[in-house]
$ cat run20.txt   # compact mmCIF, C-alpha atoms and all ligand atoms
# COMPACT_ATOMS: atom_id res chain seq x y z
CA MET A 27 14.33 -1.84 16.90
CA SER A 28 14.50 1.87 17.80
CA ALA A 29 13.94 3.59 14.42
CA ARG A 30 10.35 4.01 13.30
CA ASN A 31 9.37 1.94 10.31
CA VAL A 32 6.41 1.91 7.96
CA LEU A 33 5.51 -1.28 6.10
CA ALA A 34 3.33 -1.03 2.98
CA ILE A 35 1.60 -4.32 2.19
CA ALA A 36 -0.23 -4.35 -1.14
CA ALA A 37 -1.45 -6.98 -3.56
CA HIS A 38 0.38 -6.43 -6.86
CA PRO A 39 3.44 -4.69 -8.25
CA ASP A 40 2.22 -1.10 -8.95
CA ASP A 41 -0.52 -0.97 -6.27
CA ILE A 42 1.81 0.78 -3.82
CA GLU A 43 2.72 3.27 -6.55
CA PHE A 44 -0.93 4.02 -7.36
CA LEU A 45 -2.36 4.23 -3.85
CA MET A 46 0.37 4.72 -1.25
CA ALA A 47 3.62 6.02 -2.76
CA GLY A 48 3.16 9.72 -1.99
CA THR A 49 2.47 8.98 1.66
CA LEU A 50 5.50 6.68 1.81
CA VAL A 51 7.78 9.38 0.41
CA LEU A 52 6.46 11.89 2.98
CA LEU A 53 6.97 9.38 5.80
CA GLY A 54 10.53 8.86 4.57
CA GLU A 55 11.09 12.62 4.75
CA ALA A 56 9.68 12.51 8.31
CA GLY A 57 12.39 10.00 9.26
CA TYR A 58 10.60 6.70 8.87
CA GLY A 59 12.37 3.61 7.52
CA LEU A 60 10.41 2.47 4.44
CA HIS A 61 9.44 -1.16 3.74
CA TYR A 62 7.68 -2.42 0.71
CA MET A 63 5.86 -5.70 0.05
CA ASN A 64 3.66 -6.78 -2.84
CA LEU A 65 2.11 -10.11 -1.88
CA ALA A 66 1.63 -11.22 -5.51
CA ASN A 67 4.31 -11.34 -8.17
CA GLY A 68 2.44 -9.82 -11.13
CA CYS A 69 2.49 -13.07 -13.13
CA CYS A 70 -0.83 -12.31 -14.90
CA GLY A 71 0.25 -8.85 -16.08
CA SER A 72 0.94 -9.79 -19.68
CA THR A 73 -0.81 -11.30 -22.68
CA GLU A 74 2.49 -11.77 -24.54
CA VAL A 75 4.99 -13.59 -22.31
CA ASP A 76 4.64 -16.47 -19.89
CA ALA A 77 3.95 -16.15 -16.19
CA ALA A 78 7.53 -16.74 -14.99
CA THR A 79 8.94 -14.20 -17.46
CA ILE A 80 6.51 -11.40 -16.61
CA ALA A 81 6.82 -12.14 -12.87
CA GLY A 82 10.61 -11.70 -13.18
CA ILE A 83 10.25 -8.47 -15.14
CA ARG A 84 7.72 -7.06 -12.71
CA GLN A 85 9.80 -7.97 -9.68
CA ASP A 86 12.68 -6.00 -11.19
CA GLU A 87 10.37 -3.05 -11.88
CA ALA A 88 8.98 -3.11 -8.34
CA ARG A 89 12.47 -3.36 -6.84
CA GLN A 90 13.52 -0.36 -8.90
CA ALA A 91 10.51 1.66 -7.70
CA ALA A 92 11.22 0.72 -4.08
CA ALA A 93 14.92 1.54 -4.45
CA SER A 94 14.10 4.96 -5.91
CA ILE A 95 12.77 6.05 -2.50
CA GLY A 96 15.21 4.02 -0.43
CA ALA A 97 12.59 1.44 0.60
CA GLU A 98 13.58 -2.06 1.63
CA PHE A 99 11.96 -4.62 -0.66
CA HIS A 100 10.33 -7.79 0.69
CA GLU A 101 9.79 -10.66 -1.74
CA SER A 102 6.37 -11.56 -3.15
CA ILE A 103 4.89 -14.80 -1.88
CA CYS A 104 1.89 -15.51 -4.18
CA ASN A 105 0.86 -15.60 -7.81
CA ASP A 106 -1.68 -13.07 -9.11
CA LEU A 107 -5.28 -14.09 -8.33
CA GLU A 108 -3.91 -16.53 -5.73
CA ILE A 109 -3.72 -14.28 -2.70
CA PHE A 110 -5.80 -16.42 -0.38
CA TYR A 111 -6.53 -15.87 3.26
CA ASP A 112 -4.95 -19.12 4.42
CA GLN A 113 -2.60 -20.28 7.15
CA ALA A 114 0.52 -20.64 4.99
CA THR A 115 0.24 -17.14 3.51
CA LEU A 116 -0.62 -15.59 6.85
CA ALA A 117 2.46 -17.21 8.44
CA ARG A 118 4.67 -15.60 5.75
CA VAL A 119 3.17 -12.13 6.11
CA ALA A 120 3.27 -12.32 9.92
CA SER A 121 6.98 -13.17 9.74
CA VAL A 122 7.65 -9.97 7.79
CA ILE A 123 5.73 -7.96 10.40
CA ARG A 124 7.94 -9.43 13.16
CA LEU A 125 11.05 -8.67 11.12
CA VAL A 126 10.19 -5.03 10.35
CA GLN A 127 8.32 -4.24 13.60
CA PRO A 128 6.58 -1.29 11.96
CA THR A 129 4.96 1.61 13.79
CA ILE A 130 2.67 2.06 10.77
CA VAL A 131 1.21 -0.58 8.45
CA LEU A 132 -0.28 0.71 5.19
CA THR A 133 -2.51 -1.68 3.30
CA HIS A 134 -5.51 -1.86 0.98
CA GLY A 135 -9.03 -0.91 1.99
CA PRO A 136 -11.24 -3.72 3.30
CA SER A 137 -13.58 -3.21 0.34
CA ASP A 138 -12.00 -2.94 -3.11
CA TYR A 139 -12.68 -4.06 -6.67
CA MET A 140 -10.36 -7.12 -6.62
CA GLU A 141 -10.40 -10.07 -4.24
CA ASP A 142 -6.58 -10.01 -4.22
CA HIS A 143 -6.70 -6.50 -2.73
CA MET A 144 -9.23 -7.44 -0.06
CA ASN A 145 -7.37 -10.62 0.87
CA ALA A 146 -4.08 -8.71 1.06
CA CYS A 147 -5.82 -6.34 3.47
CA ARG A 148 -7.14 -9.17 5.63
CA LEU A 149 -3.73 -10.89 5.69
CA ALA A 150 -1.96 -7.65 6.66
CA VAL A 151 -4.44 -6.97 9.45
CA THR A 152 -4.20 -10.43 11.03
CA ALA A 153 -0.44 -10.60 10.54
CA ALA A 154 -0.18 -7.34 12.47
CA PHE A 155 -2.65 -8.53 15.09
CA SER A 156 -0.65 -11.73 15.75
CA ARG A 157 2.70 -9.94 16.30
CA GLY A 158 2.64 -10.55 20.08
CA MET A 159 1.41 -14.15 19.99
CA PRO A 160 4.30 -16.59 20.46
CA ASN A 161 1.96 -19.54 19.88
CA PHE A 162 1.16 -18.41 16.36
CA PRO A 163 3.88 -19.99 14.18
CA VAL A 164 5.28 -17.72 11.47
CA GLN A 165 7.40 -18.67 8.48
CA PRO A 166 10.34 -18.23 8.60
CA PRO A 167 10.20 -18.43 12.41
CA ARG A 168 10.69 -15.12 14.22
CA GLU A 169 10.06 -14.03 17.79
CA ALA A 170 6.81 -12.40 18.79
CA TYR A 171 7.06 -8.82 20.07
CA GLY A 172 4.63 -6.49 21.81
CA ASP A 173 5.09 -2.94 20.51
CA PRO A 174 2.02 -1.05 19.29
CA LEU A 175 1.41 -0.46 15.61
CA THR A 176 -1.32 1.39 13.76
CA VAL A 177 -2.94 0.08 10.58
CA TYR A 178 -4.19 2.48 7.91
CA HIS A 179 -6.26 1.48 4.89
CA ALA A 180 -5.67 3.07 1.48
CA GLN A 181 -8.43 4.22 -0.80
CA PRO A 182 -9.93 1.50 -2.98
CA TYR A 183 -8.78 1.73 -6.57
CA SER A 184 -10.97 4.37 -8.33
CA HIS A 185 -12.16 5.60 -4.88
CA ARG A 186 -15.15 3.28 -5.27
CA ASP A 187 -16.13 0.10 -3.50
CA PRO A 188 -17.01 -3.04 -5.51
CA LEU A 189 -20.59 -1.80 -5.86
CA GLY A 190 -19.49 1.53 -7.28
CA GLN A 191 -20.14 3.63 -4.19
CA LEU A 192 -17.73 6.51 -3.52
CA VAL A 193 -15.49 5.83 -0.50
CA LEU A 194 -14.43 8.92 1.45
CA PRO A 195 -11.22 8.77 3.47
CA GLN A 196 -10.77 9.81 7.07
CA TYR A 197 -7.43 11.49 6.30
CA PHE A 198 -6.27 13.37 3.22
CA VAL A 199 -2.52 13.43 2.51
CA ASN A 200 -1.09 16.15 0.27
CA VAL A 201 0.92 14.36 -2.43
CA GLU A 202 1.44 17.46 -4.59
CA PRO A 203 4.93 18.11 -3.11
CA VAL A 204 6.03 14.56 -3.99
CA ALA A 205 4.08 14.13 -7.23
CA ARG A 206 7.28 13.89 -9.27
CA GLN A 207 8.67 11.00 -7.19
CA LYS A 208 5.31 9.22 -7.30
CA TRP A 209 5.13 9.62 -11.08
CA ASP A 210 8.69 8.34 -11.47
CA MET A 211 7.94 5.32 -9.27
CA LEU A 212 4.99 4.32 -11.40
CA ARG A 213 7.08 4.84 -14.53
CA CYS A 214 9.38 2.07 -13.29
CA HIS A 215 6.57 -0.34 -14.23
CA GLN A 216 7.40 -0.14 -17.92
CA SER A 217 5.84 -3.53 -18.76
CA GLN A 218 2.46 -2.32 -17.56
CA LYS A 219 2.86 1.11 -19.12
CA LYS A 220 3.50 -0.44 -22.51
CA TRP A 221 0.60 -2.84 -22.24
CA LEU A 222 -1.88 -0.18 -21.16
CA ASP A 223 -0.55 2.46 -23.55
CA GLU A 224 -1.23 0.09 -26.44
CA SER A 225 -4.70 -0.85 -25.26
CA GLN A 226 -5.84 2.45 -23.75
CA GLY A 227 -3.76 5.26 -25.22
CA LEU A 228 -0.41 6.92 -24.57
CA ASP A 229 0.50 7.42 -20.91
CA SER A 230 -2.97 6.33 -19.80
CA TYR A 231 -1.36 4.40 -16.95
CA LEU A 232 0.35 7.45 -15.52
CA GLN A 233 -2.58 9.74 -16.30
CA THR A 234 -4.98 7.43 -14.43
CA MET A 235 -2.88 7.72 -11.27
CA LYS A 236 -2.72 11.49 -11.62
CA ASP A 237 -6.49 11.74 -12.23
CA LEU A 238 -7.26 9.65 -9.13
CA ASP A 239 -5.04 11.86 -6.96
CA THR A 240 -6.59 15.00 -8.46
CA GLU A 241 -10.11 13.68 -7.87
CA LEU A 242 -9.32 13.10 -4.20
CA GLY A 243 -7.56 16.47 -3.98
CA ASP A 244 -10.77 18.12 -5.23
CA ILE A 245 -12.81 16.20 -2.67
CA SER A 246 -10.40 17.32 0.07
CA GLY A 247 -11.09 20.96 -0.76
CA ARG A 248 -7.55 21.75 0.36
CA PHE A 249 -4.94 19.88 -1.69
CA GLN A 250 -4.42 19.71 -5.45
CA ALA A 251 -3.55 16.01 -5.31
CA ALA A 252 -4.23 13.67 -2.44
CA GLU A 253 -4.01 10.11 -1.19
CA GLY A 254 -6.61 9.02 1.32
CA TRP A 255 -6.47 6.82 4.43
CA ARG A 256 -8.74 5.29 7.02
CA ARG A 257 -7.39 4.14 10.36
CA HIS A 258 -8.16 0.61 11.51
CA LEU A 259 -9.89 0.41 14.90
CA HIS A 260 -7.16 0.38 17.56
CA LEU A 261 -8.29 -2.78 19.42
CA GLY A 262 -5.45 -5.30 19.43
CA PHE A 263 -3.06 -2.89 17.74
CA CYS A 264 -2.40 0.31 19.67
CA GLU A 265 -3.83 2.85 22.11
CA ALA A 266 -7.10 4.55 21.18
CA GLU A 267 -5.34 7.88 20.74
CA ASP A 268 -2.34 6.61 18.74
CA ASP A 269 -2.25 8.22 15.31
CA PRO A 270 1.34 8.12 14.04
CA LEU A 271 0.44 9.04 10.46
CA LEU A 272 -1.29 12.23 11.57
CA GLU A 273 1.64 12.99 13.88
CA ALA A 274 4.31 12.45 11.24
CA LEU A 275 2.93 14.41 8.30
CA GLY A 276 2.27 17.85 9.80
CA ASP A 277 0.68 20.28 7.34
CA ASN A 278 0.56 17.61 4.64
CA ILE A 279 -2.29 15.72 6.30
CA PHE A 280 -5.67 16.61 7.74
CA MET A 281 -8.68 14.74 9.03
CA ALA A 282 -11.94 15.04 7.17
CA GLY A 283 -14.28 17.42 8.97
CA GLU A 284 -11.45 19.29 10.69
CA GLU A 285 -11.56 23.10 10.33
CA SER A 286 -8.95 24.52 7.95
ZN ZN B 301 -3.69 -4.66 -7.64

$ encode --input "run20.txt" --output "structure tokens" --more "lines below"
Ligand SMILES: [Zn+2]
Amino acid sequence: MSARNVLAIAAHPDDIEFLMAGTLVLLGEAGYGLHYMNLANGCCGSTEVDAATIAGIRQDEARQAAASIGAEFHESICNDLEIFYDQATLARVASVIRLVQPTIVLTHGPSDYMEDHMNACRLAVTAAFSRGMPNFPVQPPREAYGDPLTVYHAQPYSHRDPLGQLVLPQYFVNVEPVARQKWDMLRCHQSQKKWLDESQGLDSYLQTMKDLDTELGDISGRFQAAEGWRRHLHLGFCEAEDDPLLEALGDNIFMAGEES
């Protein structure tokens, strides 16, 4: 596969929109092919309809959000709260890695408020790690390959770890220029918007996303709205100096501590 791809692997429908969407849009503008996978189907995201119904609705919403930025959608493989770090799930995620052969994998932070997020992260990391191991069986079966890839971890939701400590990113990405697309992507998740509007006030869902990006923008000291990333150690993935996210995003990214 010659074109460069980025694969976002998150836990639930709407996690990509909250934590990664601005970066994805910018990578698309930089020429990357965009791929999109929520491991869980969103089946617990309603108190009104049954699991199968809400999972169907949320899959449609997530597909719509992915389509709005031209991202290829990969099917969910788990129920909510059932993203486990087990062989069967790992084999499914690893198969998607071998299919997409991404240069960049975007996934959750290793420490986040929900176990689903942390397990999605662990699955993404090992799936990426196993890409060149023909003796690791993936489902559906696909050939191992050896190209390098670089894994980046998103900010935990609320920029805090499960013990409430602020997590600072290594890279800040300027999402101000693509704020409209990011907003529109999250708006695709109408079932969640309605639920949270009723319980927490009008547009709270969208406002929360905006507030989180603004908070990180303030921390960056450079951008009005930002997403944050930390690069996974290169061992088993790429060369020590490989940093395709930093390379691709030009003036819309900087490393913490770098002079402005
Ligand atoms: Zn989530």

$ closest_atom_pairs --input "run20.txt" --of "chain A" --to "ligand ZN 301 (chain B)" --cutoff "12 Å" --atoms "only C-alpha atoms and all ligand atoms" --output "Markdown table"
| residue | atom | partner | partner_atom | distance |
| --- | --- | --- | --- | --- |
| A:Ile35 | CA | B:ZN301 | ZN | 11.2 |
| A:Ala36 | CA | B:ZN301 | ZN | 7.4 |
| A:Ala37 | CA | B:ZN301 | ZN | 5.2 |
| A:His38 | CA | B:ZN301 | ZN | 4.5 |
| A:Pro39 | CA | B:ZN301 | ZN | 7.2 |
| A:Asp40 | CA | B:ZN301 | ZN | 7.0 |
| A:Asp41 | CA | B:ZN301 | ZN | 5.1 |
| A:Ile42 | CA | B:ZN301 | ZN | 8.6 |
| A:Glu43 | CA | B:ZN301 | ZN | 10.3 |
| A:Phe44 | CA | B:ZN301 | ZN | 9.1 |
| A:Leu45 | CA | B:ZN301 | ZN | 9.8 |
| A:Asn64 | CA | B:ZN301 | ZN | 9.0 |
| A:Leu65 | CA | B:ZN301 | ZN | 9.8 |
| A:Ala66 | CA | B:ZN301 | ZN | 8.7 |
| A:Asn67 | CA | B:ZN301 | ZN | 10.4 |
| A:Gly68 | CA | B:ZN301 | ZN | 8.7 |
| A:Cys69 | CA | B:ZN301 | ZN | 11.8 |
| A:Cys70 | CA | B:ZN301 | ZN | 10.9 |
| A:Gly71 | CA | B:ZN301 | ZN | 10.2 |
| A:Asn105 | CA | B:ZN301 | ZN | 11.8 |
| A:Asp106 | CA | B:ZN301 | ZN | 8.8 |
| A:Leu107 | CA | B:ZN301 | ZN | 9.6 |
| A:Ile109 | CA | B:ZN301 | ZN | 10.8 |
| A:Thr133 | CA | B:ZN301 | ZN | 11.4 |
| A:His134 | CA | B:ZN301 | ZN | 9.2 |
| A:Gly135 | CA | B:ZN301 | ZN | 11.6 |
| A:Asp138 | CA | B:ZN301 | ZN | 9.6 |
| A:Tyr139 | CA | B:ZN301 | ZN | 9.1 |
| A:Met140 | CA | B:ZN301 | ZN | 7.2 |
| A:Glu141 | CA | B:ZN301 | ZN | 9.3 |
| A:Asp142 | CA | B:ZN301 | ZN | 7.0 |
| A:His143 | CA | B:ZN301 | ZN | 6.0 |
| A:Met144 | CA | B:ZN301 | ZN | 9.8 |
| A:Asn145 | CA | B:ZN301 | ZN | 11.0 |
| A:Ala146 | CA | B:ZN301 | ZN | 9.6 |
| A:Cys147 | CA | B:ZN301 | ZN | 11.4 |
| A:Pro182 | CA | B:ZN301 | ZN | 9.9 |
| A:Tyr183 | CA | B:ZN301 | ZN | 8.2 |
| A:Ser184 | CA | B:ZN301 | ZN | 11.6 |
| A:Gln218 | CA | B:ZN301 | ZN | 11.9 |

$ closest_atom_pairs --input "run20.txt" --of "stretch 117-228 of chain A" --to "stretch 234-241 of chain A" --cutoff "9 Å" --atoms "all atoms listed in the file" --output "CSV"
residue,atom,partner,partner_atom,distance
A:Tyr183,CA,A:Leu238,CA,8.5
A:Ser184,CA,A:Leu238,CA,6.5
A:His185,CA,A:Leu238,CA,7.6
A:Val201,CA,A:Asp239,CA,7.9
A:Glu202,CA,A:Asp239,CA,8.9
A:Ala205,CA,A:Lys236,CA,8.5
A:Trp209,CA,A:Lys236,CA,8.1
A:Leu212,CA,A:Met235,CA,8.6

$ closest_residue --input "run20.txt" --among "A:Leu116, A:Leu33, A:Ala150, A:Leu50" --to "A:Phe99" --atoms "all atoms listed in the file"
A:Leu33

$ residues_around --input "run20.txt" --residues "A:Ala56" --least-positions-apart "3" --cutoff "8 Å" --atoms "all atoms listed in the file" --output "PyMOL selection string"
chain A and resi 52-53+274-275

$ atom_distance --input "run20.txt" --atom1 "atom CA of A:Glu98" --atom2 "atom CA of A:Leu60"
6.2 Å

$ residues_near_point --input "run20.txt" --point "(-11.2, 15.7, -1.0)" --cutoff "12 Å" --atoms "all atoms listed in the file" --output "PyMOL selection string"
chain A and resi 181+185+192-200+238-255+279-283

$ closest_residue --input "run20.txt" --among "A:Leu222, A:Gln127, A:Thr176, A:Gly96" --to "A:Arg157" --atoms "only C-alpha atoms"
A:Gln127

$ closest_residue --input "run20.txt" --among "A:Thr129, A:Pro203, A:Gly227, A:Tyr111" --to "A:Glu55" --atoms "only C-alpha atoms"
A:Pro203

$ closest_residue --input "run20.txt" --among "A:Ala114, A:Leu132, A:Leu261, A:Ala120" --to "A:Pro160" --atoms "all atoms listed in the file"
A:Ala120

$ closest_residue --input "run20.txt" --among "A:His100, A:Arg124, A:Arg257, A:Arg84" --to "A:Ser217" --atoms "all atoms listed in the file"
A:Arg84

$ residues_near_point --input "run20.txt" --point "(10.5, 4.4, 1.3)" --cutoff "7 Å" --atoms "only C-alpha atoms" --output "PyMOL selection string"
chain A and resi 50-51+54+59-61+92+95-97

$ residues_around --input "run20.txt" --residues "A:Gln165" --least-positions-apart "2" --cutoff "9 Å" --atoms "all atoms listed in the file" --output "short mmCIF file (atom, residue, chain, number, x, y, z; two decimals) with C-alpha atoms, keeping the file's coordinate frame"
data_model
loop_
_atom_site.label_atom_id
_atom_site.label_comp_id
_atom_site.auth_asym_id
_atom_site.auth_seq_id
_atom_site.Cartn_x
_atom_site.Cartn_y
_atom_site.Cartn_z
CA ALA A 114 0.52 -20.64 4.99
CA THR A 115 0.24 -17.14 3.51
CA LEU A 116 -0.62 -15.59 6.85
CA ALA A 117 2.46 -17.21 8.44
CA ARG A 118 4.67 -15.60 5.75
CA VAL A 119 3.17 -12.13 6.11
CA ALA A 120 3.27 -12.32 9.92
CA SER A 121 6.98 -13.17 9.74
CA VAL A 122 7.65 -9.97 7.79
CA PRO A 163 3.88 -19.99 14.18
CA PRO A 167 10.20 -18.43 12.41
CA ARG A 168 10.69 -15.12 14.22
#

$ closest_residue --input "run20.txt" --among "A:Val32, A:Met46, A:Phe162, A:Asp210" --to "A:Pro270" --atoms "all atoms listed in the file"
A:Val32

$ atom_distance --input "run20.txt" --atom1 "atom CA of A:Gln191" --atom2 "atom CA of A:Phe110"
24.9 Å

$ residues_around --input "run20.txt" --residues "A:Trp221" --least-positions-apart "5" --cutoff "10 Å" --atoms "only C-alpha atoms" --output "ChimeraX atom specification"
/A:71-74,216,226-227,231

$ atom_distance --input "run20.txt" --atom1 "atom CA of A:Val131" --atom2 "atom CA of A:Lys219"
27.7 Å

$ decode --input "run20.txt" --residues "stretch 161-183 of chain A" --atoms "N, CA, C and O atoms" --output "PDB file, in the first residue's frame"
ATOM      1  N   ASN A 161       3.048 -15.709  12.820  1.00  0.00           N
ATOM      2  CA  ASN A 161       2.539 -16.768  13.704  1.00  0.00           C
ATOM      3  C   ASN A 161       1.456 -16.289  14.655  1.00  0.00           C
ATOM      4  O   ASN A 161       0.917 -17.081  15.425  1.00  0.00           O
ATOM      5  N   PHE A 162       1.153 -14.997  14.606  1.00  0.00           N
ATOM      6  CA  PHE A 162       0.008 -14.526  15.408  1.00  0.00           C
ATOM      7  C   PHE A 162      -1.228 -14.536  14.512  1.00  0.00           C
ATOM      8  O   PHE A 162      -1.327 -13.763  13.552  1.00  0.00           O
ATOM      9  N   PRO A 163      -2.194 -15.417  14.792  1.00  0.00           N
ATOM     10  CA  PRO A 163      -3.362 -15.528  13.911  1.00  0.00           C
ATOM     11  C   PRO A 163      -4.345 -14.375  14.109  1.00  0.00           C
ATOM     12  O   PRO A 163      -4.722 -14.074  15.239  1.00  0.00           O
ATOM     13  N   VAL A 164      -4.721 -13.732  13.021  1.00  0.00           N
ATOM     14  CA  VAL A 164      -5.688 -12.634  13.097  1.00  0.00           C
ATOM     15  C   VAL A 164      -6.992 -13.073  12.432  1.00  0.00           C
ATOM     16  O   VAL A 164      -7.015 -14.010  11.642  1.00  0.00           O
ATOM     17  N   GLN A 165      -8.060 -12.353  12.776  1.00  0.00           N
ATOM     18  CA  GLN A 165      -9.392 -12.750  12.315  1.00  0.00           C
ATOM     19  C   GLN A 165     -10.137 -11.557  11.738  1.00  0.00           C
ATOM     20  O   GLN A 165     -10.382 -10.614  12.480  1.00  0.00           O
ATOM     21  N   PRO A 166     -10.571 -11.565  10.463  1.00  0.00           N
ATOM     22  CA  PRO A 166     -10.270 -12.588   9.468  1.00  0.00           C
ATOM     23  C   PRO A 166      -8.771 -12.632   9.134  1.00  0.00           C
ATOM     24  O   PRO A 166      -8.082 -11.622   9.292  1.00  0.00           O
ATOM     25  N   PRO A 167      -8.307 -13.808   8.648  1.00  0.00           N
ATOM     26  CA  PRO A 167      -6.882 -13.963   8.371  1.00  0.00           C
ATOM     27  C   PRO A 167      -6.376 -12.950   7.347  1.00  0.00           C
ATOM     28  O   PRO A 167      -7.032 -12.704   6.334  1.00  0.00           O
ATOM     29  N   ARG A 168      -5.230 -12.348   7.653  1.00  0.00           N
ATOM     30  CA  ARG A 168      -4.569 -11.441   6.704  1.00  0.00           C
ATOM     31  C   ARG A 168      -3.064 -11.573   6.896  1.00  0.00           C
ATOM     32  O   ARG A 168      -2.609 -11.847   8.012  1.00  0.00           O
ATOM     33  N   GLU A 169      -2.321 -11.317   5.839  1.00  0.00           N
ATOM     34  CA  GLU A 169      -0.871 -11.488   5.895  1.00  0.00           C
ATOM     35  C   GLU A 169      -0.188 -10.459   6.769  1.00  0.00           C
ATOM     36  O   GLU A 169      -0.566  -9.283   6.770  1.00  0.00           O
ATOM     37  N   ALA A 170       0.825 -10.940   7.499  1.00  0.00           N
ATOM     38  CA  ALA A 170       1.659 -10.026   8.271  1.00  0.00           C
ATOM     39  C   ALA A 170       2.445  -9.137   7.311  1.00  0.00           C
ATOM     40  O   ALA A 170       2.657  -9.492   6.152  1.00  0.00           O
ATOM     41  N   TYR A 171       2.852  -7.964   7.782  1.00  0.00           N
ATOM     42  CA  TYR A 171       3.668  -7.064   6.957  1.00  0.00           C
ATOM     43  C   TYR A 171       4.644  -6.338   7.886  1.00  0.00           C
ATOM     44  O   TYR A 171       4.453  -6.322   9.114  1.00  0.00           O
ATOM     45  N   GLY A 172       5.667  -5.712   7.338  1.00  0.00           N
ATOM     46  CA  GLY A 172       6.740  -5.227   8.190  1.00  0.00           C
ATOM     47  C   GLY A 172       6.950  -3.728   8.261  1.00  0.00           C
ATOM     48  O   GLY A 172       7.869  -3.266   8.933  1.00  0.00           O
ATOM     49  N   ASP A 173       6.108  -2.932   7.597  1.00  0.00           N
ATOM     50  CA  ASP A 173       6.361  -1.484   7.553  1.00  0.00           C
ATOM     51  C   ASP A 173       6.261  -0.847   8.948  1.00  0.00           C
ATOM     52  O   ASP A 173       5.481  -1.301   9.784  1.00  0.00           O
ATOM     53  N   PRO A 174       7.023   0.228   9.157  1.00  0.00           N
ATOM     54  CA  PRO A 174       6.930   0.914  10.445  1.00  0.00           C
ATOM     55  C   PRO A 174       5.602   1.641  10.605  1.00  0.00           C
ATOM     56  O   PRO A 174       4.968   2.040   9.618  1.00  0.00           O
ATOM     57  N   LEU A 175       5.174   1.789  11.838  1.00  0.00           N
ATOM     58  CA  LEU A 175       4.044   2.672  12.134  1.00  0.00           C
ATOM     59  C   LEU A 175       4.340   3.343  13.467  1.00  0.00           C
ATOM     60  O   LEU A 175       5.146   2.858  14.264  1.00  0.00           O
ATOM     61  N   THR A 176       3.704   4.467  13.692  1.00  0.00           N
ATOM     62  CA  THR A 176       3.913   5.207  14.935  1.00  0.00           C
ATOM     63  C   THR A 176       2.569   5.354  15.639  1.00  0.00           C
ATOM     64  O   THR A 176       1.568   5.704  15.011  1.00  0.00           O
ATOM     65  N   VAL A 177       2.567   5.038  16.923  1.00  0.00           N
ATOM     66  CA  VAL A 177       1.341   5.100  17.729  1.00  0.00           C
ATOM     67  C   VAL A 177       1.354   6.383  18.548  1.00  0.00           C
ATOM     68  O   VAL A 177       2.366   6.710  19.182  1.00  0.00           O
ATOM     69  N   TYR A 178       0.242   7.102  18.514  1.00  0.00           N
ATOM     70  CA  TYR A 178       0.076   8.301  19.336  1.00  0.00           C
ATOM     71  C   TYR A 178      -1.161   8.139  20.223  1.00  0.00           C
ATOM     72  O   TYR A 178      -2.196   7.658  19.762  1.00  0.00           O
ATOM     73  N   HIS A 179      -1.005   8.564  21.479  1.00  0.00           N
ATOM     74  CA  HIS A 179      -2.106   8.467  22.438  1.00  0.00           C
ATOM     75  C   HIS A 179      -2.794   9.819  22.605  1.00  0.00           C
ATOM     76  O   HIS A 179      -2.136  10.843  22.841  1.00  0.00           O
ATOM     77  N   ALA A 180      -4.123   9.779  22.537  1.00  0.00           N
ATOM     78  CA  ALA A 180      -4.927  10.996  22.737  1.00  0.00           C
ATOM     79  C   ALA A 180      -4.902  11.400  24.203  1.00  0.00           C
ATOM     80  O   ALA A 180      -4.483  10.635  25.081  1.00  0.00           O
ATOM     81  N   GLN A 181      -5.401  12.587  24.466  1.00  0.00           N
ATOM     82  CA  GLN A 181      -5.620  13.006  25.838  1.00  0.00           C
ATOM     83  C   GLN A 181      -6.695  12.127  26.481  1.00  0.00           C
ATOM     84  O   GLN A 181      -7.634  11.695  25.806  1.00  0.00           O
ATOM     85  N   PRO A 182      -6.577  11.865  27.769  1.00  0.00           N
ATOM     86  CA  PRO A 182      -7.720  11.237  28.452  1.00  0.00           C
ATOM     87  C   PRO A 182      -8.898  12.209  28.444  1.00  0.00           C
ATOM     88  O   PRO A 182      -8.687  13.427  28.382  1.00  0.00           O
ATOM     89  N   TYR A 183     -10.086  11.663  28.486  1.00  0.00           N
ATOM     90  CA  TYR A 183     -11.276  12.503  28.544  1.00  0.00           C
ATOM     91  C   TYR A 183     -11.187  13.389  29.783  1.00  0.00           C
ATOM     92  O   TYR A 183     -10.869  12.889  30.870  1.00  0.00           O
TER      93      TYR A 183
END
